[in-house]
Structures are given as structure tokens and as C-alpha cells.
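The data block below is upload_12.cif; it holds mmCIF, C-alpha atoms and all ligand atoms.
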```cif
data_data
#
loop_
_atom_site.label_atom_id
_atom_site.label_comp_id
_atom_site.auth_asym_id
_atom_site.auth_seq_id
_atom_site.Cartn_x
_atom_site.Cartn_y
_atom_site.Cartn_z
CA MET A 1 3.94 35.48 -25.89
CA ASN A 2 5.22 36.84 -22.61
CA ARG A 3 5.71 34.26 -19.84
CA ILE A 4 7.42 35.66 -16.76
CA PHE A 5 9.03 33.87 -13.82
CA ASN A 6 6.16 33.71 -11.35
CA PHE A 7 7.25 33.19 -7.73
CA SER A 8 3.71 33.38 -6.35
CA ALA A 9 2.97 31.19 -3.32
CA GLY A 10 -0.28 29.85 -4.72
CA PRO A 11 -1.98 29.63 -7.08
CA CYS A 12 1.33 29.51 -8.82
CA THR A 13 3.18 28.75 -11.99
CA LEU A 14 2.27 25.54 -13.81
CA PRO A 15 4.32 23.68 -16.41
CA LEU A 16 4.03 25.63 -19.66
CA SER A 17 3.51 22.46 -21.71
CA CYS A 18 0.46 21.54 -19.60
CA ILE A 19 -1.14 24.93 -20.12
CA GLU A 20 -0.40 24.89 -23.84
CA GLU A 21 -1.80 21.40 -24.21
CA ALA A 22 -4.98 22.36 -22.34
CA ALA A 23 -5.32 25.46 -24.51
CA SER A 24 -4.91 23.51 -27.72
CA GLU A 25 -7.55 20.91 -26.84
CA PHE A 26 -9.86 23.08 -24.79
CA VAL A 27 -12.54 24.06 -27.30
CA ASP A 28 -12.87 20.68 -28.99
CA TYR A 29 -11.67 17.88 -26.73
CA GLN A 30 -10.57 14.86 -28.80
CA GLY A 31 -12.88 15.80 -31.66
CA LEU A 32 -15.98 15.52 -29.47
CA GLY A 33 -17.16 19.03 -30.28
CA MET A 34 -17.03 20.29 -26.70
CA SER A 35 -14.49 20.90 -23.97
CA LEU A 36 -13.86 18.33 -21.28
CA ILE A 37 -15.41 20.60 -18.68
CA GLU A 38 -18.68 20.80 -20.62
CA MET A 39 -19.39 17.09 -20.70
CA SER A 40 -21.01 14.89 -18.09
CA HIS A 41 -18.62 13.51 -15.51
CA ARG A 42 -20.34 10.15 -16.10
CA THR A 43 -18.91 9.84 -19.62
CA LYS A 44 -15.93 7.75 -20.67
CA PRO A 45 -13.67 10.65 -21.73
CA TYR A 46 -13.95 12.22 -18.28
CA ASP A 47 -13.74 8.89 -16.50
CA ASP A 48 -10.48 8.14 -18.34
CA VAL A 49 -8.98 11.45 -17.20
CA HIS A 50 -10.17 10.96 -13.62
CA MET A 51 -8.94 7.40 -13.22
CA ALA A 52 -5.62 8.16 -14.93
CA ALA A 53 -5.02 10.99 -12.45
CA ILE A 54 -5.60 8.62 -9.54
CA ALA A 55 -3.36 5.96 -11.10
CA ASP A 56 -0.55 8.42 -11.89
CA MET A 57 -0.69 9.85 -8.39
CA ARG A 58 -0.30 6.33 -7.00
CA GLU A 59 2.51 5.48 -9.39
CA ILE A 60 4.61 8.63 -8.91
CA LEU A 61 4.36 8.74 -5.11
CA GLU A 62 4.47 4.93 -4.77
CA ILE A 63 1.30 5.03 -2.71
CA PRO A 64 0.63 1.54 -1.32
CA GLU A 65 -2.58 -0.27 -2.30
CA ASN A 66 -3.99 0.05 1.22
CA PHE A 67 -4.42 3.81 0.77
CA LYS A 68 -7.34 5.44 -1.05
CA ILE A 69 -6.77 8.57 -3.13
CA LEU A 70 -9.62 11.10 -3.02
CA PHE A 71 -10.20 14.30 -4.99
CA LEU A 72 -12.43 16.66 -3.03
CA GLY A 73 -13.67 20.23 -3.20
CA GLY A 74 -13.10 22.80 -0.47
CA GLY A 75 -9.32 23.01 -0.63
CA ALA A 76 -6.98 21.98 2.16
CA THR A 77 -9.00 24.20 4.46
CA LEU A 78 -12.03 21.91 4.39
CA GLN A 79 -9.69 19.10 5.42
CA PHE A 80 -8.88 21.01 8.61
CA THR A 81 -12.51 20.14 9.47
CA MET A 82 -13.03 16.81 7.72
CA ILE A 83 -10.03 15.19 9.37
CA PRO A 84 -11.10 15.73 12.98
CA MET A 85 -14.75 15.22 12.07
CA ASN A 86 -14.02 11.81 10.56
CA ILE A 87 -11.09 10.62 12.63
CA LEU A 88 -10.96 12.49 15.95
CA ASN A 89 -14.63 12.34 16.71
CA GLY A 90 -14.46 13.28 20.40
CA GLY A 91 -11.10 11.64 21.07
CA THR A 92 -7.60 13.01 21.57
CA ALA A 93 -5.04 13.97 18.94
CA ASP A 94 -1.66 15.73 18.89
CA TYR A 95 -0.81 18.68 16.68
CA THR A 96 2.45 20.45 15.99
CA ALA A 97 1.97 24.23 16.08
CA THR A 98 4.52 25.34 13.50
CA GLY A 99 2.96 28.41 11.89
CA THR A 100 -0.04 29.94 10.21
CA TRP A 101 -1.36 26.81 8.52
CA ALA A 102 -0.82 24.43 11.42
CA ASN A 103 -2.52 26.91 13.70
CA LYS A 104 -5.56 27.06 11.46
CA ALA A 105 -5.77 23.27 11.48
CA ILE A 106 -5.54 23.31 15.28
CA ALA A 107 -8.27 25.93 15.68
CA ASP A 108 -10.68 23.84 13.63
CA ALA A 109 -9.76 20.52 15.24
CA LYS A 110 -10.45 21.88 18.72
CA LYS A 111 -14.16 21.83 17.90
CA PHE A 112 -14.08 18.05 17.58
CA GLY A 113 -12.07 16.74 20.50
CA THR A 114 -9.08 17.21 22.79
CA ILE A 115 -6.03 18.66 21.11
CA ASN A 116 -2.57 18.37 22.67
CA ILE A 117 0.16 20.58 21.31
CA ALA A 118 3.15 18.29 20.77
CA PHE A 119 5.38 21.15 19.69
CA ASP A 120 4.80 24.89 19.85
CA GLY A 121 7.00 27.16 17.74
CA LYS A 122 5.38 30.32 19.06
CA GLU A 123 8.26 31.42 21.31
CA ASP A 124 10.63 31.28 18.36
CA LYS A 125 8.14 33.17 16.20
CA PHE A 126 7.49 29.95 14.26
CA MET A 127 10.96 29.94 12.75
CA THR A 128 12.05 26.61 14.16
CA LEU A 129 11.03 22.96 14.04
CA PRO A 130 11.72 20.32 16.66
CA ASN A 131 14.09 17.42 16.26
CA PRO A 132 11.66 14.72 15.02
CA ALA A 133 13.02 12.32 17.65
CA ASP A 134 11.83 14.69 20.39
CA VAL A 135 8.20 14.70 19.27
CA LYS A 136 6.00 12.48 21.43
CA VAL A 137 2.28 11.92 21.33
CA SER A 138 -0.08 11.68 24.27
CA GLU A 139 -1.61 8.47 25.55
CA GLY A 140 -4.40 7.22 23.29
CA SER A 141 -3.69 9.84 20.64
CA LYS A 142 -5.58 9.10 17.44
CA TYR A 143 -3.04 10.87 15.26
CA LEU A 144 -0.22 13.37 15.13
CA HIS A 145 -0.90 16.27 12.79
CA ILE A 146 2.04 17.87 11.01
CA THR A 147 2.23 20.63 8.42
CA SER A 148 5.18 19.43 6.36
CA ASN A 149 5.91 22.85 4.88
CA GLU A 150 4.77 26.17 6.32
CA THR A 151 4.13 28.14 3.16
CA ILE A 152 4.13 31.54 4.87
CA GLY A 153 6.86 30.99 7.45
CA GLY A 154 9.20 29.18 5.06
CA ILE A 155 10.02 26.19 7.26
CA GLN A 156 9.88 22.55 6.19
CA TRP A 157 10.22 19.27 8.04
CA GLN A 158 13.16 17.36 6.57
CA ASP A 159 12.29 14.20 8.45
CA PHE A 160 9.22 13.01 10.33
CA PRO A 161 8.79 11.62 13.85
CA GLU A 162 8.38 7.95 14.60
CA VAL A 163 5.45 7.85 17.02
CA ASP A 164 2.76 5.47 18.31
CA ALA A 165 0.11 7.13 16.19
CA PRO A 166 -0.32 7.62 12.48
CA ILE A 167 0.84 10.97 11.16
CA VAL A 168 -1.81 13.06 9.43
CA CYS A 169 0.09 15.47 7.24
CA ASP A 170 -0.82 18.68 5.43
CA MET A 171 1.53 18.59 2.44
CA SER A 172 -0.23 21.37 0.55
CA SER A 173 2.93 23.19 -0.39
CA ASP A 174 5.48 20.41 -0.81
CA ILE A 175 3.70 17.30 -2.01
CA MET A 176 5.30 15.82 -5.12
CA SER A 177 8.65 17.46 -4.36
CA ARG A 178 10.18 14.44 -2.58
CA ARG A 179 9.51 10.81 -1.69
CA ILE A 180 7.05 9.94 1.08
CA ASP A 181 7.75 7.17 3.60
CA TRP A 182 4.24 5.76 3.75
CA SER A 183 5.00 3.61 6.80
CA LYS A 184 4.68 6.75 8.96
CA PHE A 185 1.53 8.27 7.53
CA GLY A 186 -2.15 7.59 8.02
CA VAL A 187 -3.42 10.52 5.97
CA VAL A 188 -1.64 12.88 3.59
CA TYR A 189 -3.63 15.77 2.18
CA CYS A 190 -3.10 18.93 0.19
CA GLY A 191 -4.76 21.62 -1.83
CA ALA A 192 -3.73 21.15 -5.45
CA GLN A 193 -2.81 24.73 -6.24
CA LYS A 194 0.81 24.78 -5.11
CA ASN A 195 2.58 21.81 -6.56
CA LEU A 196 -0.08 19.93 -8.49
CA GLY A 197 -2.40 22.12 -10.51
CA PRO A 198 -4.99 24.86 -10.29
CA ALA A 199 -7.09 25.70 -7.25
CA GLY A 200 -10.37 23.94 -6.61
CA CYS A 201 -9.33 20.42 -5.67
CA ALA A 202 -7.87 18.85 -2.57
CA VAL A 203 -6.15 15.48 -2.66
CA VAL A 204 -6.64 13.24 0.37
CA ILE A 205 -4.69 10.00 0.63
CA ILE A 206 -6.02 7.89 3.48
CA ARG A 207 -5.10 4.47 4.84
CA ASP A 208 -7.83 1.82 4.71
CA ASP A 209 -7.82 0.94 8.42
CA ILE A 210 -8.29 4.60 9.35
CA LEU A 211 -11.00 4.98 6.75
CA ALA A 212 -12.80 1.94 8.15
CA GLU A 213 -13.01 3.57 11.59
CA THR A 214 -14.19 7.02 10.59
CA SER A 215 -17.30 8.48 12.17
CA THR A 216 -20.57 6.95 10.99
CA ASP A 217 -22.91 9.86 11.61
CA LEU A 218 -21.71 12.40 9.07
CA THR A 219 -23.62 13.91 6.20
CA ALA A 220 -22.68 12.58 2.78
CA TYR A 221 -20.14 15.09 1.51
CA LEU A 222 -18.26 15.21 4.81
CA ASP A 223 -17.90 11.43 5.00
CA TYR A 224 -14.61 10.07 3.57
CA LYS A 225 -16.13 6.60 3.19
CA ILE A 226 -18.74 7.86 0.75
CA HIS A 227 -16.12 9.48 -1.48
CA ALA A 228 -13.81 6.47 -1.26
CA SER A 229 -16.55 4.02 -2.22
CA LYS A 230 -17.26 6.02 -5.41
CA ASP A 231 -13.68 6.92 -6.43
CA SER A 232 -14.49 10.58 -5.67
CA MET A 233 -17.48 10.57 -8.02
CA TYR A 234 -20.24 10.48 -5.44
CA ASN A 235 -21.13 13.99 -6.58
CA THR A 236 -19.76 16.08 -9.43
CA PRO A 237 -16.00 16.18 -8.87
CA PRO A 238 -14.01 19.37 -9.58
CA VAL A 239 -13.48 18.32 -13.18
CA PHE A 240 -11.30 21.17 -14.41
CA PRO A 241 -8.70 21.03 -11.61
CA ILE A 242 -8.56 17.24 -11.90
CA TYR A 243 -8.05 17.50 -15.67
CA MET A 244 -5.15 19.93 -15.17
CA LEU A 245 -3.74 17.92 -12.28
CA GLY A 246 -3.73 14.91 -14.59
CA LYS A 247 -1.61 16.84 -17.05
CA THR A 248 0.82 17.92 -14.35
CA LEU A 249 1.24 14.34 -13.22
CA LYS A 250 2.04 13.23 -16.77
CA TRP A 251 4.56 16.07 -16.92
CA VAL A 252 6.17 14.89 -13.64
CA LYS A 253 6.52 11.41 -15.09
CA ALA A 254 8.06 12.78 -18.30
CA GLN A 255 10.63 14.74 -16.24
CA GLY A 256 11.74 11.51 -14.54
CA GLY A 257 9.30 11.21 -11.65
CA ILE A 258 9.64 12.00 -7.98
CA ASP A 259 13.43 11.78 -7.72
CA ALA A 260 13.77 14.23 -10.60
CA MET A 261 11.40 16.60 -8.79
CA ALA A 262 13.50 16.31 -5.62
CA LYS A 263 16.70 17.06 -7.55
CA LEU A 264 15.18 20.12 -9.17
CA ALA A 265 13.96 21.33 -5.78
CA ASP A 266 17.51 20.96 -4.40
CA ALA A 267 18.96 22.86 -7.35
CA ARG A 268 16.53 25.77 -7.05
CA ALA A 269 16.94 26.03 -3.28
CA GLU A 270 20.74 25.90 -3.51
CA LEU A 271 20.78 28.80 -5.95
CA ILE A 272 18.57 31.09 -3.90
CA TYR A 273 19.87 30.21 -0.43
CA GLY A 274 23.33 30.55 -1.98
CA ALA A 275 22.49 34.12 -2.99
CA ILE A 276 21.35 34.82 0.58
CA ASP A 277 24.34 33.19 2.27
CA ASN A 278 26.88 34.81 -0.06
CA SER A 279 25.53 38.33 0.38
CA ASN A 280 27.60 39.29 3.46
CA GLY A 281 24.40 39.69 5.42
CA PHE A 282 22.61 41.94 2.92
CA TYR A 283 19.95 39.25 2.71
CA ASN A 284 18.94 37.47 5.86
CA CYS A 285 16.93 34.27 6.04
CA PRO A 286 15.30 34.43 9.49
CA VAL A 287 14.51 30.72 9.87
CA GLN A 288 16.54 28.03 11.60
CA GLU A 289 18.99 26.66 9.04
CA SER A 290 17.95 23.01 9.37
CA ALA A 291 14.30 23.97 8.87
CA ARG A 292 14.77 25.98 5.67
CA SER A 293 12.05 25.26 3.15
CA LYS A 294 12.96 24.21 -0.37
CA MET A 295 9.59 25.44 -1.62
CA ASN A 296 9.08 28.85 0.01
CA ILE A 297 12.29 30.77 0.60
CA VAL A 298 11.83 33.76 2.89
CA PHE A 299 14.36 36.53 3.33
CA ARG A 300 14.72 40.06 4.61
CA LEU A 301 16.70 43.00 3.29
CA PRO A 302 18.28 45.72 5.47
CA SER A 303 15.13 47.90 5.35
CA GLU A 304 11.51 47.78 4.29
CA GLU A 305 12.27 50.47 1.71
CA LEU A 306 14.92 48.25 0.11
CA GLU A 307 12.50 45.33 0.21
CA ALA A 308 9.88 47.32 -1.70
CA GLN A 309 12.52 48.46 -4.19
CA PHE A 310 13.76 44.88 -4.60
CA VAL A 311 10.26 43.54 -5.31
CA ALA A 312 9.54 46.35 -7.79
CA GLU A 313 12.84 46.00 -9.68
CA ALA A 314 12.48 42.23 -9.86
CA ALA A 315 8.95 42.60 -11.23
CA ALA A 316 10.20 45.00 -13.90
CA LEU A 317 12.65 42.28 -14.94
CA GLY A 318 9.92 39.66 -15.23
CA MET A 319 10.13 38.07 -11.78
CA SER A 320 6.81 38.49 -10.00
CA GLY A 321 5.28 37.44 -6.69
CA LEU A 322 8.32 38.07 -4.47
CA LYS A 323 6.58 40.05 -1.76
CA GLY A 324 6.33 38.16 1.53
CA HIS A 325 2.96 37.29 3.01
CA ARG A 326 1.25 40.36 4.46
CA SER A 327 1.29 38.78 7.94
CA VAL A 328 5.10 38.52 8.10
CA GLY A 329 6.44 41.02 5.55
CA GLY A 330 9.83 40.69 3.89
CA CYS A 331 10.34 38.75 0.68
CA ARG A 332 9.41 35.24 -0.32
CA ALA A 333 10.34 33.24 -3.39
CA SER A 334 8.03 30.28 -3.90
CA VAL A 335 9.77 27.76 -6.07
CA TYR A 336 7.45 24.84 -6.65
CA ASN A 337 7.94 21.99 -9.11
CA ALA A 338 6.97 23.96 -12.19
CA MET A 339 9.49 26.77 -11.57
CA PRO A 340 12.33 26.13 -13.99
CA VAL A 341 15.85 26.11 -12.52
CA GLU A 342 16.54 29.01 -14.90
CA GLY A 343 13.96 31.01 -12.94
CA ALA A 344 15.83 30.38 -9.69
CA LYS A 345 19.09 31.23 -11.45
CA ALA A 346 17.67 34.49 -12.78
CA LEU A 347 16.50 35.42 -9.29
CA ALA A 348 19.83 34.49 -7.66
CA ASP A 349 21.72 36.57 -10.25
CA PHE A 350 19.42 39.52 -9.70
CA MET A 351 19.83 39.20 -5.93
CA ALA A 352 23.62 39.40 -6.27
CA GLU A 353 23.40 42.47 -8.53
CA PHE A 354 20.90 44.20 -6.29
CA ALA A 355 23.03 43.58 -3.21
CA ALA A 356 26.16 44.89 -4.94
CA LYS A 357 24.36 48.06 -6.00
CA ASN A 358 22.64 48.76 -2.71
CA SER A 359 25.06 47.59 0.00
C1 LIG B 1 -2.35 27.00 0.96
C2 LIG B 1 -2.31 26.11 2.12
C3 LIG B 1 -3.47 25.66 2.75
C4 LIG B 1 -4.85 26.13 2.35
O1 LIG B 1 -5.22 25.59 1.15
P1 LIG B 1 -6.65 25.95 0.48
O2 LIG B 1 -6.68 24.99 -0.66
O3 LIG B 1 -6.57 27.38 0.08
O4 LIG B 1 -7.70 25.69 1.46
C5 LIG B 1 -3.33 24.78 3.80
N1 LIG B 1 -2.14 24.38 4.21
C6 LIG B 1 -1.00 24.79 3.64
C7 LIG B 1 0.31 24.28 4.14
C8 LIG B 1 -1.04 25.66 2.57
O5 LIG B 1 0.09 26.08 1.99
#
```

If you took the structure in this file and wrote it as C-alpha cells, what would it be?
Ligand SMILES: *Cc1c(COP(=O)(O)O)cnc(C)c1O
Amino acid sequence: MNRIFNFSAGPCTLPLSCIEEAASEFVDYQGLGMSLIEMSHRTKPYDDVHMAAIADMREILEIPENFKILFLGGGATLQFTMIPMNILNGGTADYTATGTWANKAIADAKKFGTINIAFDGKEDKFMTLPNPADVKVSEGSKYLHITSNETIGGIQWQDFPEVDAPIVCDMSSDIMSRRIDWSKFGVVYCGAQKNLGPAGCAVVIIRDDILAETSTDLTAYLDYKIHASKDSMYNTPPVFPIYMLGKTLKWVKAQGGIDAMAKLADARAELIYGAIDNSNGFYNCPVQESARSKMNIVFRLPSEELEAQFVAEAAALGMSGLKGHRSVGGCRASVYNAMPVEGAKALADFMAEFAAKNS
């Protein structure tokens, strides 16, 4: 077997034990003579998996009872539409423009109401975040939308504003890596494929009072209330991603839960930012120091030629996925929950060697 350290931004590495377990039970799930993804989603074996995933999600993230947890198709991208369609509905909302993903959410929301930009990182090339205390919402704002971690830009909110509107937060690339203060949030959503499981499922966690006021003239799939009333089984749910997500959640619990995940994230980030900061400027992290992401660590080398060489040499040593997003260039190490600290250590060691050889 040859498992490499996979620094891909998403889909991304998953805990090895989860993949092995799925492989071992895939063909004949619990002696039933078929795989879980071949059976009706209305059967008890699937129902058990589905409901356990919801319960484990609630337990690990300490999600209060007045929030519903939904599993939906369409990725986080469909939520860029469903959120304004359900909640904005012709009204006014505030968005923070912090990078590629926030800007996509803004573009979609503009079709459904008035969007105020509460913070615009454009002048700083989306490499900064505001002081949360400086973020204000406009009068009558239905919500403040925040992208907690910009996966491409490599910036992450360390703390969230306290405003007179619920925060609706895209946590696609850092959910399950730290605690969530639910008193600030009305909706938290994410695509599963960065910190939770494979692609194909979005998780939407929505507060009951917001759910109760969502638009009433939507077609079935686009209506949060329909999904909530059926525990996300109004139609066929994305059974395979939910099955794998369930395994990841059990793995998180076995590692010690959310605080253990936060500690591991700190350890990985310290190693790699350490390699950058101790390189006498060979590596340069272009983002504001207080906004550095613990999930997606971006850095530049002295030239694009050296960057290409770095990525190629790392790949030859079993460290893949280090090329930055095509829109920004440079290098990016995505270090989600399932990346072992040894992977971050291997990368940091390689970075030091490469810098010594090529400075
Ligand atoms: C990946 C990503 C998305 C898009 O997710 P899809 O599931 O591909 O639609 C949205 N927001 C953020 C922050 C992401 O990292």
C-alpha cells in the first residue's frame, strides 16, 4: 500500500481508518448481502447511519437543540442560492467580501435582494480581514454573511463580529476544526469535502426561528422547511457521502472531539508557518499575520521557477497537492483534520532542506 501525504484543498485526505473500514464493509454491509449504497434509504440500516451522523454532528459541535441539521445535495455552492432565496427574499443583508468564495456568495445573493458590503478586502488583494469589532451591519439587515476561511486566499477569521443580525457563515473549509459560539450564528453551512468527508453533501445548520420565517413560495427541494421536516429524507439523500461523513465523525470523537481537532490544527499550522518564518525570507506568506489560516497555508518562493521545482520535488517525496490555486499561483498546503501532524512535519522539514539548498 502506498498512502502519500495529500495536501489537496478539496476533495482532500480522509482518515485512513475510515477509508479502510468502508472498504472492508463495502461489498457486504453487515452481512446483508449488499453495500449500504445499494439499499433503499427507507431501510433501517441506512436510517441508523443517517440519524447517527446527525446526532454525532450535534454532539461534537455542541449544536443547541434549537438548530436543525440538514444534509443536502449541491455542495456549498447551492447554498449561495438557497440562503438568500429562503432568508433574504427581497430584503437587505450584509456580506463580507473576503475572497473568491465570499465573492461568489455575494454574486448569487444579489439576485435576491439588496446586498451591502460590510467589509471589502479588494484593495488589499483579499489578504486581510477586518477587526471583528469594526464590522457593522446596515439597518434592517436580515443577516451578516461571513466566509470563515477563504480556502484559496488562505485567510481565516479568528473571531466573529457581534452584530444586530444573525451571522450566516460558510465554514466549508474549517468546520470541525474549532469550537463554534452558537450565540452568534443563525446559519452555518459547508460542503463536506474539506473537513468532513467526500464531495456530494452539504451540511446546513439553521436556527429554528430563522427557519420558521423562510420564504413560503419555493419549490420543494429549495425549501429548507421541507428538508427540516423530514430530517433531510424528503428525497433520496446523498447516501454515500453521509455514510462516509458518519465515519469521519466517529473518528473525530475517538480522537478526543473538537478540542483535539483544534489542538492538531494548531500543531500543524505551527510547523508549517514556522518553516516559513524561519526561512530568512525564502518563503513568504503574503497574508496579514493575524488572518493566517490554519487550514490552507499559502506561501511564495523567490521565483515561479523555484515554486514549480518545489512542488515537483515535494511530489516525488510523497507530498502532493502543494500547487496554489490557479487564480493566485504560488504554493498552498491544505492541512485539514485528517492530515496527520507527521505530514505537516514532513513538509516543514522538506521546506527547510529546500530553502537551504536553493537560497
Ligand atoms: C470549496 C468551497 C466552496 C464550494 O463548495 P462546493 O461544495 O464545491 O460547492 C464554498 N465555500 C468555501 C469556503 C469553499 O472552500

Select, counting all atoms listed in the file, all protein, DNA and RNA residues no farther than 8 Å from (2.7, 28.0, -11.7) in file coordinates, and express the selection as a ChimeraX atom specification. /A:6-8,10-15,194,197,336,338-339

Please return as a PDB file with C-alpha atoms, in the frame of the given file the residues found within 8 Å of ligand LIG 1 (chain B), counting only C-alpha atoms and all ligand atoms.
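Output contents, as saved in pocket_32.pdb:
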```
ATOM      1  CA  ALA A   9       2.970  31.190  -3.320  1.00  0.00           C
ATOM      2  CA  GLY A  10      -0.280  29.850  -4.720  1.00  0.00           C
ATOM      3  CA  GLY A  74     -13.100  22.800  -0.470  1.00  0.00           C
ATOM      4  CA  GLY A  75      -9.320  23.010  -0.630  1.00  0.00           C
ATOM      5  CA  ALA A  76      -6.980  21.980   2.160  1.00  0.00           C
ATOM      6  CA  THR A  77      -9.000  24.200   4.460  1.00  0.00           C
ATOM      7  CA  LEU A  78     -12.030  21.910   4.390  1.00  0.00           C
ATOM      8  CA  GLN A  79      -9.690  19.100   5.420  1.00  0.00           C
ATOM      9  CA  TRP A 101      -1.360  26.810   8.520  1.00  0.00           C
ATOM     10  CA  ALA A 102      -0.820  24.430  11.420  1.00  0.00           C
ATOM     11  CA  THR A 147       2.230  20.630   8.420  1.00  0.00           C
ATOM     12  CA  SER A 148       5.180  19.430   6.360  1.00  0.00           C
ATOM     13  CA  ASN A 149       5.910  22.850   4.880  1.00  0.00           C
ATOM     14  CA  GLU A 150       4.770  26.170   6.320  1.00  0.00           C
ATOM     15  CA  THR A 151       4.130  28.140   3.160  1.00  0.00           C
ATOM     16  CA  ILE A 152       4.130  31.540   4.870  1.00  0.00           C
ATOM     17  CA  ASP A 170      -0.820  18.680   5.430  1.00  0.00           C
ATOM     18  CA  MET A 171       1.530  18.590   2.440  1.00  0.00           C
ATOM     19  CA  SER A 172      -0.230  21.370   0.550  1.00  0.00           C
ATOM     20  CA  SER A 173       2.930  23.190  -0.390  1.00  0.00           C
ATOM     21  CA  CYS A 190      -3.100  18.930   0.190  1.00  0.00           C
ATOM     22  CA  GLY A 191      -4.760  21.620  -1.830  1.00  0.00           C
ATOM     23  CA  ALA A 192      -3.730  21.150  -5.450  1.00  0.00           C
ATOM     24  CA  GLN A 193      -2.810  24.730  -6.240  1.00  0.00           C
ATOM     25  CA  LYS A 194       0.810  24.780  -5.110  1.00  0.00           C
ATOM     26  CA  ALA A 199      -7.090  25.700  -7.250  1.00  0.00           C
ATOM     27  CA  GLY A 200     -10.370  23.940  -6.610  1.00  0.00           C
ATOM     28  CA  CYS A 201      -9.330  20.420  -5.670  1.00  0.00           C
ATOM     29  CA  ALA A 202      -7.870  18.850  -2.570  1.00  0.00           C
TER      30      ALA A 202
END
```

One number please: atom CA of Tyr234 of chain A to atom CA of Phe67 of chain A, in Å, one decimal. 18.3 Å

Write out as a PDB file with C-alpha atoms, keeping the file's coordinate frame each polymer residue whose atoms come within 10 Å of Gly257 of chain A, counting all atoms listed in the file; drop sequence neighbours fewer than 6 positions from it.
```
ATOM      1  CA  GLU A  59       2.510   5.480  -9.390  1.00  0.00           C
ATOM      2  CA  ILE A  60       4.610   8.630  -8.910  1.00  0.00           C
ATOM      3  CA  LEU A  61       4.360   8.740  -5.110  1.00  0.00           C
ATOM      4  CA  MET A 176       5.300  15.820  -5.120  1.00  0.00           C
ATOM      5  CA  SER A 177       8.650  17.460  -4.360  1.00  0.00           C
ATOM      6  CA  ARG A 178      10.180  14.440  -2.580  1.00  0.00           C
ATOM      7  CA  ARG A 179       9.510  10.810  -1.690  1.00  0.00           C
ATOM      8  CA  LEU A 249       1.240  14.340 -13.220  1.00  0.00           C
ATOM      9  CA  LYS A 250       2.040  13.230 -16.770  1.00  0.00           C
ATOM     10  CA  TRP A 251       4.560  16.070 -16.920  1.00  0.00           C
TER      11      TRP A 251
END
```

For Val341 of chain A, the nearest of the candidates A:Asp94, A:Glu65, A:Glu270, A:Asp277, counting only C-alpha atoms: A:Glu270

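If only C-alpha atoms are the atoms counted, then among A:Ala346, A:Ala53, A:Ala312, A:Val187 the closest residue to Asn66 of chain A is A:Val187.
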
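Closest approach to Arg300 of chain A among A:Asn284, A:Thr114, A:Ser24, A:Thr214: A:Asn284, based on only C-alpha atoms.
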
Requested file, segment 283-289 of chain A restricted to all heavy atoms, as a short mmCIF file (atom, residue, chain, number, x, y, z; two decimals), in the first residue's frame:
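Result file decode-v1.cif:
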```cif
data_model
loop_
_atom_site.label_atom_id
_atom_site.label_comp_id
_atom_site.auth_asym_id
_atom_site.auth_seq_id
_atom_site.Cartn_x
_atom_site.Cartn_y
_atom_site.Cartn_z
N TYR A 283 10.79 31.74 2.02
CA TYR A 283 9.34 31.58 1.86
C TYR A 283 8.67 32.83 2.38
O TYR A 283 9.09 33.39 3.40
CB TYR A 283 8.83 30.38 2.65
CG TYR A 283 9.46 29.07 2.25
CD1 TYR A 283 10.43 28.49 3.07
CD2 TYR A 283 9.11 28.43 1.07
CE1 TYR A 283 11.03 27.28 2.72
CE2 TYR A 283 9.71 27.23 0.71
CZ TYR A 283 10.66 26.66 1.54
OH TYR A 283 11.25 25.49 1.17
N ASN A 284 7.61 33.23 1.70
CA ASN A 284 6.89 34.42 2.12
C ASN A 284 5.40 34.12 2.14
O ASN A 284 4.84 33.72 1.13
CB ASN A 284 7.21 35.57 1.15
CG ASN A 284 6.29 36.75 1.36
OD1 ASN A 284 6.03 37.14 2.50
ND2 ASN A 284 5.79 37.31 0.27
N CYS A 285 4.80 34.30 3.31
CA CYS A 285 3.34 34.16 3.40
C CYS A 285 2.74 35.54 3.19
O CYS A 285 2.96 36.44 3.99
CB CYS A 285 2.94 33.61 4.77
SG CYS A 285 1.16 33.59 4.99
N PRO A 286 2.00 35.74 2.08
CA PRO A 286 1.57 37.09 1.73
C PRO A 286 0.40 37.64 2.56
O PRO A 286 0.05 38.80 2.40
CB PRO A 286 1.15 36.94 0.26
CG PRO A 286 0.75 35.51 0.11
CD PRO A 286 1.59 34.74 1.08
N VAL A 287 -0.20 36.84 3.41
CA VAL A 287 -1.41 37.34 4.10
C VAL A 287 -1.07 37.97 5.44
O VAL A 287 -0.05 37.66 6.06
CB VAL A 287 -2.48 36.23 4.27
CG1 VAL A 287 -2.75 35.50 2.96
CG2 VAL A 287 -2.09 35.24 5.35
N GLN A 288 -1.95 38.88 5.84
CA GLN A 288 -1.85 39.57 7.13
C GLN A 288 -1.67 38.52 8.24
O GLN A 288 -2.41 37.54 8.28
CB GLN A 288 -3.16 40.35 7.32
CG GLN A 288 -3.38 41.02 8.64
CD GLN A 288 -4.86 41.41 8.79
OE1 GLN A 288 -5.74 40.97 8.05
NE2 GLN A 288 -5.13 42.25 9.77
N GLU A 289 -0.71 38.75 9.13
CA GLU A 289 -0.36 37.71 10.09
C GLU A 289 -1.54 37.26 10.96
O GLU A 289 -1.75 36.07 11.19
CB GLU A 289 0.80 38.18 10.98
CG GLU A 289 1.37 37.03 11.78
CD GLU A 289 2.81 37.24 12.20
OE1 GLU A 289 3.50 38.09 11.59
OE2 GLU A 289 3.24 36.56 13.15
#
```
